[in-house]
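Novice: Structure below; questions to follow.
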Amino acid sequence: MMPSVYFRYLTKCLFIGGEFAVIELSSFPQTSQSYFTNQGFWEARLLGVHEYHHFHITSQSVSFHGRSVASSQHVFFRTFPEKPHDDKNVSLCLPTGSQMSIVWGACTPHRALLLSDKGTFITKNAFLTYEEIKVDPGELLMPAEGYYVVFDAVLLENGSIFRIGDALFWRDNEDGKLRKNPIKLPGEGVKGLSFRTQCADYYPLLGFELATVLAWTDHELYKGGKALDWKTNSNYMSNILSLPKTTKILTAAFGSHPASFGALVMYTDSVQLSLLTCYETEGIWKTRTLLSTNVLQGPFQMLFVNAALETLLVWNKDTMLYSLHNDSEWRYLRIMDSSNISQEASGSHIHHVVMDRSRNMLVKMENNVLFFCKFGMNKLFRLPTWNDPGHSVVLYLNQKEQIIMLTMLDGGLHVQKYPLQMEIRSAMQGEVHSCPFIGFTHNMNRPVYYIDKEEAIEFWVQIVYHEGKNINVTLSRNKDHVLQITERTHFESVRHLDTTNKTFTIYQDADYRDMTNNSDLIIKKSRNSSDIVTMELLPTHIDYSCNLPKNQISHFFVGCPPNRHIRVIKPQRIPCKMHIFDSYTIPGFVLRNSSKDLTVFYDWKSFGCVLRIHYKDEFRPDIELYDGETFVRSVDANFIVWENFNRKDYYFNATMHQVACLHEAQTWTSMLVDEKHPEEAWGPHNYRSCFVDDSEKLGNLDQPYEIMNRSSMNFLTFSRENSAIYVFYVKIVDPNYSFCDLRAVFAVQTYGIPDVDQLLPLYMLLSQCVITLIILCISFYGYTFIYRDMLQKKCV
């Protein structure tokens, strides 16, 4: 709870030296800034799931007596045990004598399900603790063996799916009951289950959930999501592929691209293996033939490697084959000169394959012999033996990318970390192997980058190598047509060491003004763009001893950043006085669609504070663009405004002629046809600039110009007869400004016009003055007339 005095003193010294700590959560892409406390330690508040926190601590390391603080990663667990079992609960076991198997969550690797012939075990904290899970048969028949024989399993958010016989069963985490329902899950003919091996939560899709589970029969393929709701009547798994009887599905797996998966099929009439790949978001399938696979015999397993270009690993009991970069290169994995791995393991067969994000691959045989390969090379190294051939062993990759060796002994499960790097060096001792480069670093370390219109992302990569090695860096990507990339290279050579620095600028350069004739396309690009490009950085040469960065693959989403929005700036920095009125009345004669007075209840939460504007002032909204609460830039694009309650007593001060239009511009009168709503009638999808000569007729240029931007001479003016409240919506209409639908609401209150009741005393006073003056004038002329008449008369 509290560090010691010595550690607090050391931390304070490092803080004075300039150190600071930043925490990055692994569960989702968010960083938390820490704060140095008076007690002499760092403190940070973490968001996310309370039961599990896996985070990396990075710091501005400073030297202290020749030492510095290194970056590290930590895990906090707060697990809850399974509910206690009663006499009705039954175990789930693999067939007697079977090798253990394990599945874990791609996004939650601390949760894992271990299947053995002695029971099924679950861990929620990366095998710090574990416990057996059992099932309540409920309405199902009790098996004669006293336990259910399980062949496959997958772990979902709220339960587990088991393949028992040729059917799928569901166990809910809440009640532990085992259930079967052919509406929810396939009830017969199931040959296998496959679980997603790469986390897709970071993949930026709008309103679309990627599949998490695959199941297949001989001729049909099904997919399912992250959670199963047994209480609803909806299906969990949907049939996505049906094949003729002459085609058999051998295995299935999720693809290199997060939105893809593949099925390995065999055509029985030609004994030929083909791979069918589905791109889930696009709903299309592609077929390709595997190289030289007609000589291989099943059963088969396959694993797609996380990569920008599809990379596949296929194996049977004895042989492994893989393809690189969309089948541009096929290779057999070999030991010495033989591609038969079983021969080099005393005839034992391949049990399973584990690969971390640095592409270190371990091949475990059934007799516990281990082989290692850096994926991309075709030679396997045999690693030192750790376990007797008779022990049941399985490998598990935890949330820290550490290999954990799980061994089932008579006394229970033995959990042990496997020192992979040390074992690799031991195996290669005496071999002529060295990494061809000294250092490989880059700053492409975020899972997702968002690229909006007219924006660019720049990142760098550096590789250091010995002189004459001719090492370079490659940037692989899919969907070459979506993004443009410019590249700059800087080369240095000092004391027989060469350094290559590359800078990549990534941007999209589509001119959406040229696409306005296709309104469907511009709407898709403006609002629901799903163009996602996956990029991968790799050096051109890789060897066994090369340590690659883990985060070398990123997704570039060409579309709207999720939290991007606009705000209207207050013209005056005055405090907001909320609820100074709750409603107001709009006279009918200032409304466009009514002649009756309208009572408006002002929604302070939605409309915000009113902007007080003098009725004689010209007003133009100043707009700023934000990502969440972070200011991005001031908006200089064209925008439109409309009054929420259809007032018509506001005006634009400039005409189309005054702003130099080449032809008649769009107006609200021309856009609000066919009873369209203002929100959809006018926007980036149908905007036309009047400054582009499109050979249209000139039209009437004396009309008001109803489009504004930050530098234009166009302003809003308001009624000079009555002070009023206006609620405006503002919307960006420039099709080249953003993929986001940028709109905001603001309210204006005019002031300065005297009320009629205030003028009445003045009018009365003026009237009295005028009447008095008239009386005085009449009296003066009357007196003058009488006096002159008296002078003209003769005295008698």
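Numbering starts fresh at 1 for the residues of each chain in the structure tokens, the chains themselves are lettered A, B, ... in the order given, and ligands are numbered from 1 as they appear.
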Using only C-alpha atoms, determine which residues lie at most 12 Å from segment 678-680 of chain A, disregarding the query and same-chain residues fewer than 2 positions distant; provide the list as a PyMOL selection string.
Specialist: chain A and resi 523+640-646+667-676+682-687+728-733+741-745
Novice: Residues of the last selection are to be written out with C-alpha atoms, as a compact mmCIF listing (two decimals), in the first residue's frame.
Specialist:
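What follows is the written file selection_32.txt:
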# COMPACT_ATOMS: atom_id res chain seq x y z
CA ILE A 523 -22.54 9.61 -48.75
CA ILE A 640 -24.63 26.45 -43.80
CA VAL A 641 -27.06 27.39 -41.02
CA TRP A 642 -30.78 26.95 -40.52
CA GLU A 643 -33.13 27.99 -37.73
CA ASN A 644 -34.56 25.10 -35.77
CA PHE A 645 -38.06 26.57 -35.36
CA ASN A 646 -38.38 27.94 -38.93
CA THR A 667 -30.20 28.12 -51.55
CA TRP A 668 -32.53 26.72 -48.95
CA THR A 669 -35.45 27.45 -51.26
CA SER A 670 -33.94 25.29 -54.00
CA MET A 671 -32.82 22.51 -51.65
CA LEU A 672 -35.99 22.14 -49.57
CA VAL A 673 -38.03 20.46 -52.28
CA ASP A 674 -40.18 17.37 -51.99
CA GLU A 675 -40.77 18.18 -48.30
CA LYS A 676 -37.21 17.24 -47.33
CA TRP A 682 -28.31 19.91 -48.00
CA GLY A 683 -24.84 18.66 -47.14
CA PRO A 684 -21.52 17.36 -48.51
CA HIS A 685 -23.31 14.69 -50.52
CA ASN A 686 -24.97 17.23 -52.85
CA TYR A 687 -23.01 20.45 -52.38
CA PHE A 728 -29.44 27.65 -35.28
CA TYR A 729 -27.97 24.43 -36.58
CA VAL A 730 -24.65 24.72 -38.39
CA LYS A 731 -23.33 22.09 -40.79
CA ILE A 732 -20.12 21.71 -42.79
CA VAL A 733 -20.97 21.23 -46.46
CA ASP A 741 -21.02 14.54 -40.47
CA LEU A 742 -20.00 17.74 -38.71
CA ARG A 743 -22.90 19.71 -37.30
CA ALA A 744 -23.62 21.62 -34.11
CA VAL A 745 -26.34 23.72 -32.51
Novice: Which of segment 267-314 of chain A end up as strand (DSSP E) when DSSP is run on this backbone - answer as an MDAnalysis selection string?
Specialist: chainID A and resid 267 272:279 284:289 301:305 311:314
Novice: Which residues, written as a ChimeraX atom specification, have at least one atom at most 10 Å from segment 154-160 of chain A, with only C-alpha atoms counted and residues fewer than 6 positions away on the same chain left out?
Specialist: /A:102-106,108,111-113,122,169-176,178,193-196,212-214,225-229
Novice: Considering only C-alpha atoms, state which residue in the set A:Ala215, A:Ala427, A:Val271, A:Leu321 is at the smallest distance from Ala253 of chain A.
Specialist: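 The answer is A:Ala215, which sits nearest to Ala253 of chain A.
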Novice: Quick check for you: according to DSSP on this backbone, which residues of segment 642-684 of chain A are classed as alpha helix (DSSP H)? Reply as a PDB file with all heavy atoms, in the first residue's frame.
Specialist:
ATOM      1  N   TRP A 668     -31.595  27.562 -49.668  1.00  0.00           N
ATOM      2  CA  TRP A 668     -32.532  26.720 -48.948  1.00  0.00           C
ATOM      3  C   TRP A 668     -33.838  26.546 -49.726  1.00  0.00           C
ATOM      4  O   TRP A 668     -34.470  25.485 -49.671  1.00  0.00           O
ATOM      5  CB  TRP A 668     -32.819  27.310 -47.570  1.00  0.00           C
ATOM      6  CG  TRP A 668     -31.751  27.003 -46.565  1.00  0.00           C
ATOM      7  CD1 TRP A 668     -30.889  27.871 -45.970  1.00  0.00           C
ATOM      8  CD2 TRP A 668     -31.435  25.707 -46.045  1.00  0.00           C
ATOM      9  NE1 TRP A 668     -30.052  27.206 -45.121  1.00  0.00           N
ATOM     10  CE2 TRP A 668     -30.366  25.868 -45.134  1.00  0.00           C
ATOM     11  CE3 TRP A 668     -31.944  24.423 -46.261  1.00  0.00           C
ATOM     12  CZ2 TRP A 668     -29.803  24.804 -44.448  1.00  0.00           C
ATOM     13  CZ3 TRP A 668     -31.383  23.353 -45.567  1.00  0.00           C
ATOM     14  CH2 TRP A 668     -30.333  23.549 -44.677  1.00  0.00           C
ATOM     15  N   THR A 669     -34.216  27.566 -50.465  1.00  0.00           N
ATOM     16  CA  THR A 669     -35.447  27.446 -51.262  1.00  0.00           C
ATOM     17  C   THR A 669     -35.310  26.358 -52.316  1.00  0.00           C
ATOM     18  O   THR A 669     -36.234  25.569 -52.542  1.00  0.00           O
ATOM     19  CB  THR A 669     -35.763  28.793 -51.923  1.00  0.00           C
ATOM     20  OG1 THR A 669     -35.914  29.793 -50.914  1.00  0.00           O
ATOM     21  CG2 THR A 669     -37.041  28.702 -52.748  1.00  0.00           C
ATOM     22  N   SER A 670     -34.146  26.296 -52.962  1.00  0.00           N
ATOM     23  CA  SER A 670     -33.940  25.287 -54.004  1.00  0.00           C
ATOM     24  C   SER A 670     -33.679  23.896 -53.439  1.00  0.00           C
ATOM     25  O   SER A 670     -33.958  22.892 -54.106  1.00  0.00           O
ATOM     26  CB  SER A 670     -32.767  25.690 -54.898  1.00  0.00           C
ATOM     27  OG  SER A 670     -31.556  25.741 -54.152  1.00  0.00           O
ATOM     28  N   MET A 671     -33.154  23.818 -52.207  1.00  0.00           N
ATOM     29  CA  MET A 671     -32.817  22.511 -51.647  1.00  0.00           C
ATOM     30  C   MET A 671     -33.987  21.865 -50.912  1.00  0.00           C
ATOM     31  O   MET A 671     -34.078  20.633 -50.848  1.00  0.00           O
ATOM     32  CB  MET A 671     -31.626  22.636 -50.688  1.00  0.00           C
ATOM     33  CG  MET A 671     -30.374  23.238 -51.313  1.00  0.00           C
ATOM     34  SD  MET A 671     -29.830  22.396 -52.813  1.00  0.00           S
ATOM     35  CE  MET A 671     -29.295  20.836 -52.138  1.00  0.00           C
ATOM     36  N   PRO A 678     -34.414  19.777 -43.351  1.00  0.00           N
ATOM     37  CA  PRO A 678     -33.151  20.517 -43.521  1.00  0.00           C
ATOM     38  C   PRO A 678     -31.924  19.691 -43.185  1.00  0.00           C
ATOM     39  O   PRO A 678     -30.861  19.881 -43.771  1.00  0.00           O
ATOM     40  CB  PRO A 678     -33.310  21.703 -42.560  1.00  0.00           C
ATOM     41  CG  PRO A 678     -34.776  21.863 -42.368  1.00  0.00           C
ATOM     42  CD  PRO A 678     -35.348  20.495 -42.467  1.00  0.00           C
ATOM     43  N   GLU A 679     -32.051  18.753 -42.215  1.00  0.00           N
ATOM     44  CA  GLU A 679     -30.900  17.962 -41.796  1.00  0.00           C
ATOM     45  C   GLU A 679     -30.319  17.126 -42.941  1.00  0.00           C
ATOM     46  O   GLU A 679     -29.114  16.881 -42.998  1.00  0.00           O
ATOM     47  CB  GLU A 679     -31.283  17.024 -40.635  1.00  0.00           C
ATOM     48  CG  GLU A 679     -31.635  17.742 -39.341  1.00  0.00           C
ATOM     49  CD  GLU A 679     -33.075  18.217 -39.311  1.00  0.00           C
ATOM     50  OE1 GLU A 679     -33.776  18.059 -40.338  1.00  0.00           O
ATOM     51  OE2 GLU A 679     -33.506  18.757 -38.275  1.00  0.00           O
ATOM     52  N   GLU A 680     -31.173  16.673 -43.855  1.00  0.00           N
ATOM     53  CA  GLU A 680     -30.723  15.796 -44.931  1.00  0.00           C
ATOM     54  C   GLU A 680     -30.781  16.443 -46.307  1.00  0.00           C
ATOM     55  O   GLU A 680     -30.223  15.910 -47.264  1.00  0.00           O
ATOM     56  CB  GLU A 680     -31.577  14.515 -44.949  1.00  0.00           C
ATOM     57  CG  GLU A 680     -31.589  13.765 -43.627  1.00  0.00           C
ATOM     58  CD  GLU A 680     -30.200  13.284 -43.223  1.00  0.00           C
ATOM     59  OE1 GLU A 680     -29.373  13.042 -44.124  1.00  0.00           O
ATOM     60  OE2 GLU A 680     -29.946  13.169 -42.013  1.00  0.00           O
ATOM     61  N   ALA A 681     -31.451  17.572 -46.414  1.00  0.00           N
ATOM     62  CA  ALA A 681     -31.667  18.165 -47.730  1.00  0.00           C
ATOM     63  C   ALA A 681     -30.393  18.724 -48.335  1.00  0.00           C
ATOM     64  O   ALA A 681     -30.226  18.746 -49.562  1.00  0.00           O
ATOM     65  CB  ALA A 681     -32.734  19.265 -47.633  1.00  0.00           C
TER      66      ALA A 681
END
Novice: Give me the residues of segment 398-460 of chain A that have any atom at most 12 Å from an atom of segment 620-635 of chain A; for each, the nearest atom pair and the distance in Å, rounded to one decimal. Use only C-alpha atoms, sort by chain and number, and format it as CSV.
Specialist:
residue,atom,partner,partner_atom,distance
A:Tyr450,CA,A:Asp627,CA,11.2
A:Asp452,CA,A:Asp627,CA,11.7
A:Glu455,CA,A:Val632,CA,11.4
Novice: Which is closest to Leu409 of chain A among A:Ser342, A:Gln33, A:Thr385, A:Ser392, if we use only C-alpha atoms?
Specialist: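 Among the listed residues, A:Ser392 lies closest to Leu409 of chain A.
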Novice: Here is a test: counting only C-alpha atoms, which residue of A:Leu46, A:Val353, A:His677, A:Asp136 is nearest to Lys88 of chain A?
Specialist: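 When distances to Lys88 of chain A are compared using only C-alpha atoms, the smallest one comes from A:Asp136.
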Novice: At a cut-off of 10 Å, using only C-alpha atoms, what residues contact Leu420 of chain A? Leave out same-chain residues fewer than 5 positions from it and give the result as a list of chain:residue names.
Specialist: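 Neighbouring residues, sequence-local ones excluded: A:Asn360, A:Leu362, A:Phe372, A:Leu383, A:Gln402, A:Ile403, A:Ile404, A:Arg425, A:Ser426.
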Novice: Any chance you could export the current selection's all heavy atoms as a tab-separated table (two decimals), in the first residue's frame?
Specialist:
chain	number	residue	atom	x	y	z
A	360	ASN	N	8.09	-15.32	-33.07
A	360	ASN	CA	8.80	-16.50	-32.58
A	360	ASN	C	7.81	-17.65	-32.57
A	360	ASN	O	6.76	-17.57	-31.92
A	360	ASN	CB	9.35	-16.26	-31.18
A	360	ASN	CG	10.39	-15.17	-31.15
A	360	ASN	OD1	11.34	-15.19	-31.93
A	360	ASN	ND2	10.22	-14.20	-30.25
A	362	LEU	N	6.96	-21.74	-31.94
A	362	LEU	CA	7.31	-23.01	-31.32
A	362	LEU	C	6.41	-24.10	-31.87
A	362	LEU	O	5.18	-23.94	-31.90
A	362	LEU	CB	7.16	-22.93	-29.80
A	362	LEU	CG	8.25	-22.19	-29.02
A	362	LEU	CD1	7.92	-22.18	-27.54
A	362	LEU	CD2	9.61	-22.83	-29.26
A	372	PHE	N	11.96	-24.66	-32.90
A	372	PHE	CA	11.80	-23.20	-32.95
A	372	PHE	C	12.09	-22.69	-34.35
A	372	PHE	O	12.95	-23.22	-35.07
A	372	PHE	CB	12.75	-22.52	-31.97
A	372	PHE	CG	12.91	-21.04	-32.22
A	372	PHE	CD1	11.93	-20.15	-31.84
A	372	PHE	CD2	14.05	-20.55	-32.85
A	372	PHE	CE1	12.06	-18.79	-32.08
A	372	PHE	CE2	14.20	-19.19	-33.08
A	372	PHE	CZ	13.20	-18.31	-32.70
A	383	LEU	N	15.04	-27.48	-29.89
A	383	LEU	CA	15.38	-26.88	-28.61
A	383	LEU	C	15.64	-27.97	-27.57
A	383	LEU	O	15.20	-29.12	-27.73
A	383	LEU	CB	14.24	-25.97	-28.14
A	383	LEU	CG	13.90	-24.79	-29.04
A	383	LEU	CD1	12.75	-23.99	-28.45
A	383	LEU	CD2	15.10	-23.89	-29.26
A	402	GLN	N	4.59	-14.17	-22.76
A	402	GLN	CA	5.50	-15.16	-22.20
A	402	GLN	C	4.95	-16.56	-22.47
A	402	GLN	O	3.74	-16.80	-22.37
A	402	GLN	CB	5.65	-14.96	-20.69
A	402	GLN	CG	6.28	-13.63	-20.30
A	402	GLN	CD	6.20	-13.37	-18.81
A	402	GLN	OE1	5.29	-13.86	-18.14
A	402	GLN	NE2	7.14	-12.61	-18.28
A	403	ILE	N	5.85	-17.48	-22.81
A	403	ILE	CA	5.46	-18.86	-23.00
A	403	ILE	C	5.38	-19.54	-21.64
A	403	ILE	O	6.32	-19.53	-20.86
A	403	ILE	CB	6.48	-19.60	-23.89
A	403	ILE	CG1	6.58	-18.93	-25.27
A	403	ILE	CG2	6.10	-21.07	-24.03
A	403	ILE	CD1	5.34	-19.07	-26.10
A	404	ILE	N	4.21	-20.12	-21.35
A	404	ILE	CA	3.99	-20.86	-20.11
A	404	ILE	C	3.83	-22.34	-20.47
A	404	ILE	O	3.03	-22.69	-21.34
A	404	ILE	CB	2.74	-20.36	-19.37
A	404	ILE	CG1	2.84	-18.85	-19.12
A	404	ILE	CG2	2.57	-21.11	-18.06
A	404	ILE	CD1	3.96	-18.42	-18.24
A	425	ARG	N	19.23	-19.45	-27.62
A	425	ARG	CA	20.69	-19.26	-27.65
A	425	ARG	C	21.42	-20.57	-27.37
A	425	ARG	O	22.46	-20.85	-27.96
A	425	ARG	CB	21.09	-18.19	-26.65
A	425	ARG	CG	20.55	-16.81	-26.98
A	425	ARG	CD	21.10	-15.74	-26.03
A	425	ARG	NE	20.58	-14.43	-26.36
A	425	ARG	CZ	19.55	-13.87	-25.73
A	425	ARG	NH1	18.95	-14.53	-24.75
A	425	ARG	NH2	19.12	-12.67	-26.08
A	426	SER	N	20.86	-21.37	-26.50
A	426	SER	CA	21.48	-22.67	-26.22
A	426	SER	C	21.43	-23.57	-27.45
A	426	SER	O	22.40	-24.28	-27.75
A	426	SER	CB	20.77	-23.36	-25.04
A	426	SER	OG	20.88	-22.58	-23.87
Novice: Each residue of segment 703-795 of chain A with at least one atom at most 10 Å from segment 589-605 of chain A should appear once, together with its nearest atom pair and the corresponding distance in Å (one decimal); atoms considered: only C-alpha atoms; ordering: chain, then increasing residue number; output as a tab-separated table.
Specialist:
residue	atom	partner	partner_atom	distance
A:Ser719	CA	A:Val590	CA	9.6
A:Ile725	CA	A:Tyr602	CA	9.9
A:Val727	CA	A:Tyr602	CA	9.2
A:Ala747	CA	A:Trp604	CA	9.9
Novice: Can you pull out every residue within 6 Å of segment 265-270 of chain A, counting only C-alpha atoms, but drop anything in the same chain fewer than 3 positions away, and send it as number ranges by chain?
Specialist: A: 246-250, 273-274
Novice: For the selection you just gave me, I'd like the residues written to a file as a PDB file, in the first residue's frame, keeping N, CA, C and O atoms.
Specialist:
ATOM      1  N   THR A 246     -19.423 -33.029 -53.259  1.00  0.00           N
ATOM      2  CA  THR A 246     -18.106 -33.407 -53.786  1.00  0.00           C
ATOM      3  C   THR A 246     -16.976 -32.581 -53.174  1.00  0.00           C
ATOM      4  O   THR A 246     -15.816 -32.755 -53.528  1.00  0.00           O
ATOM      5  N   THR A 247     -17.322 -31.665 -52.265  1.00  0.00           N
ATOM      6  CA  THR A 247     -16.328 -30.800 -51.630  1.00  0.00           C
ATOM      7  C   THR A 247     -16.450 -30.948 -50.120  1.00  0.00           C
ATOM      8  O   THR A 247     -17.550 -30.869 -49.571  1.00  0.00           O
ATOM      9  N   LYS A 248     -15.323 -31.152 -49.449  1.00  0.00           N
ATOM     10  CA  LYS A 248     -15.317 -31.387 -48.012  1.00  0.00           C
ATOM     11  C   LYS A 248     -14.476 -30.339 -47.303  1.00  0.00           C
ATOM     12  O   LYS A 248     -13.365 -30.025 -47.732  1.00  0.00           O
ATOM     13  N   ILE A 249     -15.020 -29.783 -46.207  1.00  0.00           N
ATOM     14  CA  ILE A 249     -14.276 -28.822 -45.392  1.00  0.00           C
ATOM     15  C   ILE A 249     -13.375 -29.595 -44.434  1.00  0.00           C
ATOM     16  O   ILE A 249     -13.843 -30.442 -43.673  1.00  0.00           O
ATOM     17  N   LEU A 250     -12.075 -29.286 -44.483  1.00  0.00           N
ATOM     18  CA  LEU A 250     -11.103 -29.984 -43.640  1.00  0.00           C
ATOM     19  C   LEU A 250     -10.816 -29.231 -42.345  1.00  0.00           C
ATOM     20  O   LEU A 250     -10.690 -29.834 -41.290  1.00  0.00           O
ATOM     21  N   LEU A 273      -6.452 -29.721 -52.816  1.00  0.00           N
ATOM     22  CA  LEU A 273      -6.752 -28.843 -51.693  1.00  0.00           C
ATOM     23  C   LEU A 273      -6.826 -27.399 -52.167  1.00  0.00           C
ATOM     24  O   LEU A 273      -5.964 -26.935 -52.920  1.00  0.00           O
ATOM     25  N   SER A 274      -7.854 -26.703 -51.703  1.00  0.00           N
ATOM     26  CA  SER A 274      -8.011 -25.288 -52.026  1.00  0.00           C
ATOM     27  C   SER A 274      -8.368 -24.536 -50.754  1.00  0.00           C
ATOM     28  O   SER A 274      -8.915 -25.109 -49.803  1.00  0.00           O
TER      29      SER A 274
END
Novice: Which residues are near Met361 of chain A? Cut-off 6 Å, only C-alpha atoms, ignore same chain within fewer than 3 positions. Put them as a PyMOL selection string.
Specialist: chain A and resi 354-355+372-374
Novice: Could those selected residues go to a file with C-alpha atoms, as a CSV table (one decimal), in the first residue's frame?
Specialist:
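Output (result.csv):
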chain,number,residue,atom,x,y,z
A,354,VAL,CA,2.3,-21.3,-30.7
A,355,MET,CA,3.5,-18.0,-32.2
A,372,PHE,CA,11.8,-23.2,-33.0
A,373,CYS,CA,11.6,-21.0,-36.0
A,374,LYS,CA,11.5,-17.2,-36.6
Novice: Report as an MDAnalysis selection string all protein, DNA and RNA residues lying within 8 Å of segment 538-541 of chain A, evaluated on only C-alpha atoms, omitting residues in the same chain fewer than 3 positions from it.
Specialist: chainID A and resid 436 440 463 471:475 552
Novice: Please produce an output containing all heavy atoms for each residue in the selection, written as an mmCIF file, in the first residue's frame.
Specialist:
data_model
loop_
_atom_site.group_PDB
_atom_site.id
_atom_site.type_symbol
_atom_site.label_atom_id
_atom_site.label_comp_id
_atom_site.auth_asym_id
_atom_site.auth_seq_id
_atom_site.Cartn_x
_atom_site.Cartn_y
_atom_site.Cartn_z
ATOM 1 N N PRO A 436 21.259 -10.005 -38.878
ATOM 2 C CA PRO A 436 21.933 -9.152 -39.870
ATOM 3 C C PRO A 436 21.870 -7.673 -39.563
ATOM 4 O O PRO A 436 22.559 -6.887 -40.193
ATOM 5 C CB PRO A 436 21.205 -9.480 -41.178
ATOM 6 C CG PRO A 436 19.877 -9.991 -40.741
ATOM 7 C CD PRO A 436 20.089 -10.695 -39.447
ATOM 8 N N PHE A 440 16.538 -2.192 -34.800
ATOM 9 C CA PHE A 440 15.401 -1.926 -35.675
ATOM 10 C C PHE A 440 14.324 -1.280 -34.809
ATOM 11 O O PHE A 440 13.740 -1.921 -33.932
ATOM 12 C CB PHE A 440 14.894 -3.222 -36.301
ATOM 13 C CG PHE A 440 13.632 -3.061 -37.113
ATOM 14 C CD1 PHE A 440 13.629 -2.287 -38.261
ATOM 15 C CD2 PHE A 440 12.456 -3.682 -36.734
ATOM 16 C CE1 PHE A 440 12.466 -2.144 -39.005
ATOM 17 C CE2 PHE A 440 11.297 -3.546 -37.463
ATOM 18 C CZ PHE A 440 11.310 -2.776 -38.610
ATOM 19 N N ILE A 463 16.923 1.573 -39.060
ATOM 20 C CA ILE A 463 17.608 0.295 -38.961
ATOM 21 C C ILE A 463 19.109 0.535 -39.017
ATOM 22 O O ILE A 463 19.598 1.324 -39.836
ATOM 23 C CB ILE A 463 17.139 -0.680 -40.070
ATOM 24 C CG1 ILE A 463 17.680 -2.081 -39.808
ATOM 25 C CG2 ILE A 463 17.472 -0.188 -41.458
ATOM 26 C CD1 ILE A 463 17.009 -3.152 -40.631
ATOM 27 N N ILE A 471 20.973 -3.949 -45.893
ATOM 28 C CA ILE A 471 19.687 -4.164 -45.223
ATOM 29 C C ILE A 471 18.776 -2.986 -45.523
ATOM 30 O O ILE A 471 19.217 -1.843 -45.618
ATOM 31 C CB ILE A 471 19.891 -4.315 -43.705
ATOM 32 C CG1 ILE A 471 20.905 -5.417 -43.415
ATOM 33 C CG2 ILE A 471 18.578 -4.606 -43.010
ATOM 34 C CD1 ILE A 471 20.456 -6.774 -43.826
ATOM 35 N N ASN A 472 17.491 -3.263 -45.647
ATOM 36 C CA ASN A 472 16.520 -2.207 -45.889
ATOM 37 C C ASN A 472 15.254 -2.499 -45.090
ATOM 38 O O ASN A 472 15.160 -3.510 -44.395
ATOM 39 C CB ASN A 472 16.201 -2.089 -47.382
ATOM 40 C CG ASN A 472 15.773 -0.687 -47.764
ATOM 41 O OD1 ASN A 472 15.297 0.083 -46.937
ATOM 42 N ND2 ASN A 472 15.945 -0.345 -49.028
ATOM 43 N N VAL A 473 14.281 -1.632 -45.217
ATOM 44 C CA VAL A 473 12.996 -1.771 -44.525
ATOM 45 C C VAL A 473 11.899 -1.813 -45.575
ATOM 46 O O VAL A 473 11.906 -1.018 -46.531
ATOM 47 C CB VAL A 473 12.760 -0.602 -43.553
ATOM 48 C CG1 VAL A 473 11.380 -0.700 -42.920
ATOM 49 C CG2 VAL A 473 13.828 -0.587 -42.474
ATOM 50 N N THR A 474 10.983 -2.717 -45.406
ATOM 51 C CA THR A 474 9.840 -2.814 -46.312
ATOM 52 C C THR A 474 8.562 -2.450 -45.572
ATOM 53 O O THR A 474 8.388 -2.784 -44.397
ATOM 54 C CB THR A 474 9.695 -4.231 -46.893
ATOM 55 O OG1 THR A 474 9.508 -5.149 -45.811
ATOM 56 C CG2 THR A 474 10.934 -4.618 -47.676
ATOM 57 N N LEU A 475 7.679 -1.777 -46.262
ATOM 58 C CA LEU A 475 6.351 -1.433 -45.742
ATOM 59 C C LEU A 475 5.325 -2.146 -46.609
ATOM 60 O O LEU A 475 5.128 -1.780 -47.774
ATOM 61 C CB LEU A 475 6.125 0.077 -45.772
ATOM 62 C CG LEU A 475 4.763 0.548 -45.260
ATOM 63 C CD1 LEU A 475 4.625 0.302 -43.764
ATOM 64 C CD2 LEU A 475 4.547 2.027 -45.549
ATOM 65 N N GLN A 552 4.281 -3.945 -34.841
ATOM 66 C CA GLN A 552 4.760 -3.546 -36.148
ATOM 67 C C GLN A 552 3.654 -3.613 -37.198
ATOM 68 O O GLN A 552 3.903 -3.434 -38.380
ATOM 69 C CB GLN A 552 5.922 -4.432 -36.577
ATOM 70 C CG GLN A 552 5.545 -5.905 -36.654
ATOM 71 C CD GLN A 552 6.746 -6.813 -36.564
ATOM 72 O OE1 GLN A 552 7.782 -6.405 -36.076
ATOM 73 N NE2 GLN A 552 6.611 -8.028 -37.038
#
Novice: Name the closest residue to Ile424 of chain A among the candidates A:Asn387, A:Asn547, A:Ser346, A:Asn563; distances are taken between atoms, counting only C-alpha atoms.
Specialist: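 Nearest candidate to Ile424 of chain A out of A:Asn387, A:Asn547, A:Ser346, A:Asn563: A:Asn547.
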Novice: Looking at only C-alpha atoms, which of A:Val494, A:Val461, A:Val568, A:Ala654 is the one that sits closest to Leu537 of chain A?
Specialist: A:Val461
Novice: Could you jot down the atom CA of Ile771 of chain A to atom CA of Thr784 of chain A separation for me, Å, one decimal place?
Specialist: 19.8 Å
Novice: Smallest atom-to-atom distance to Glu401 of chain A: which of A:Ala126, A:Ile23, A:Ser61, A:Ala252, using only C-alpha atoms?
Specialist: A:Ala126
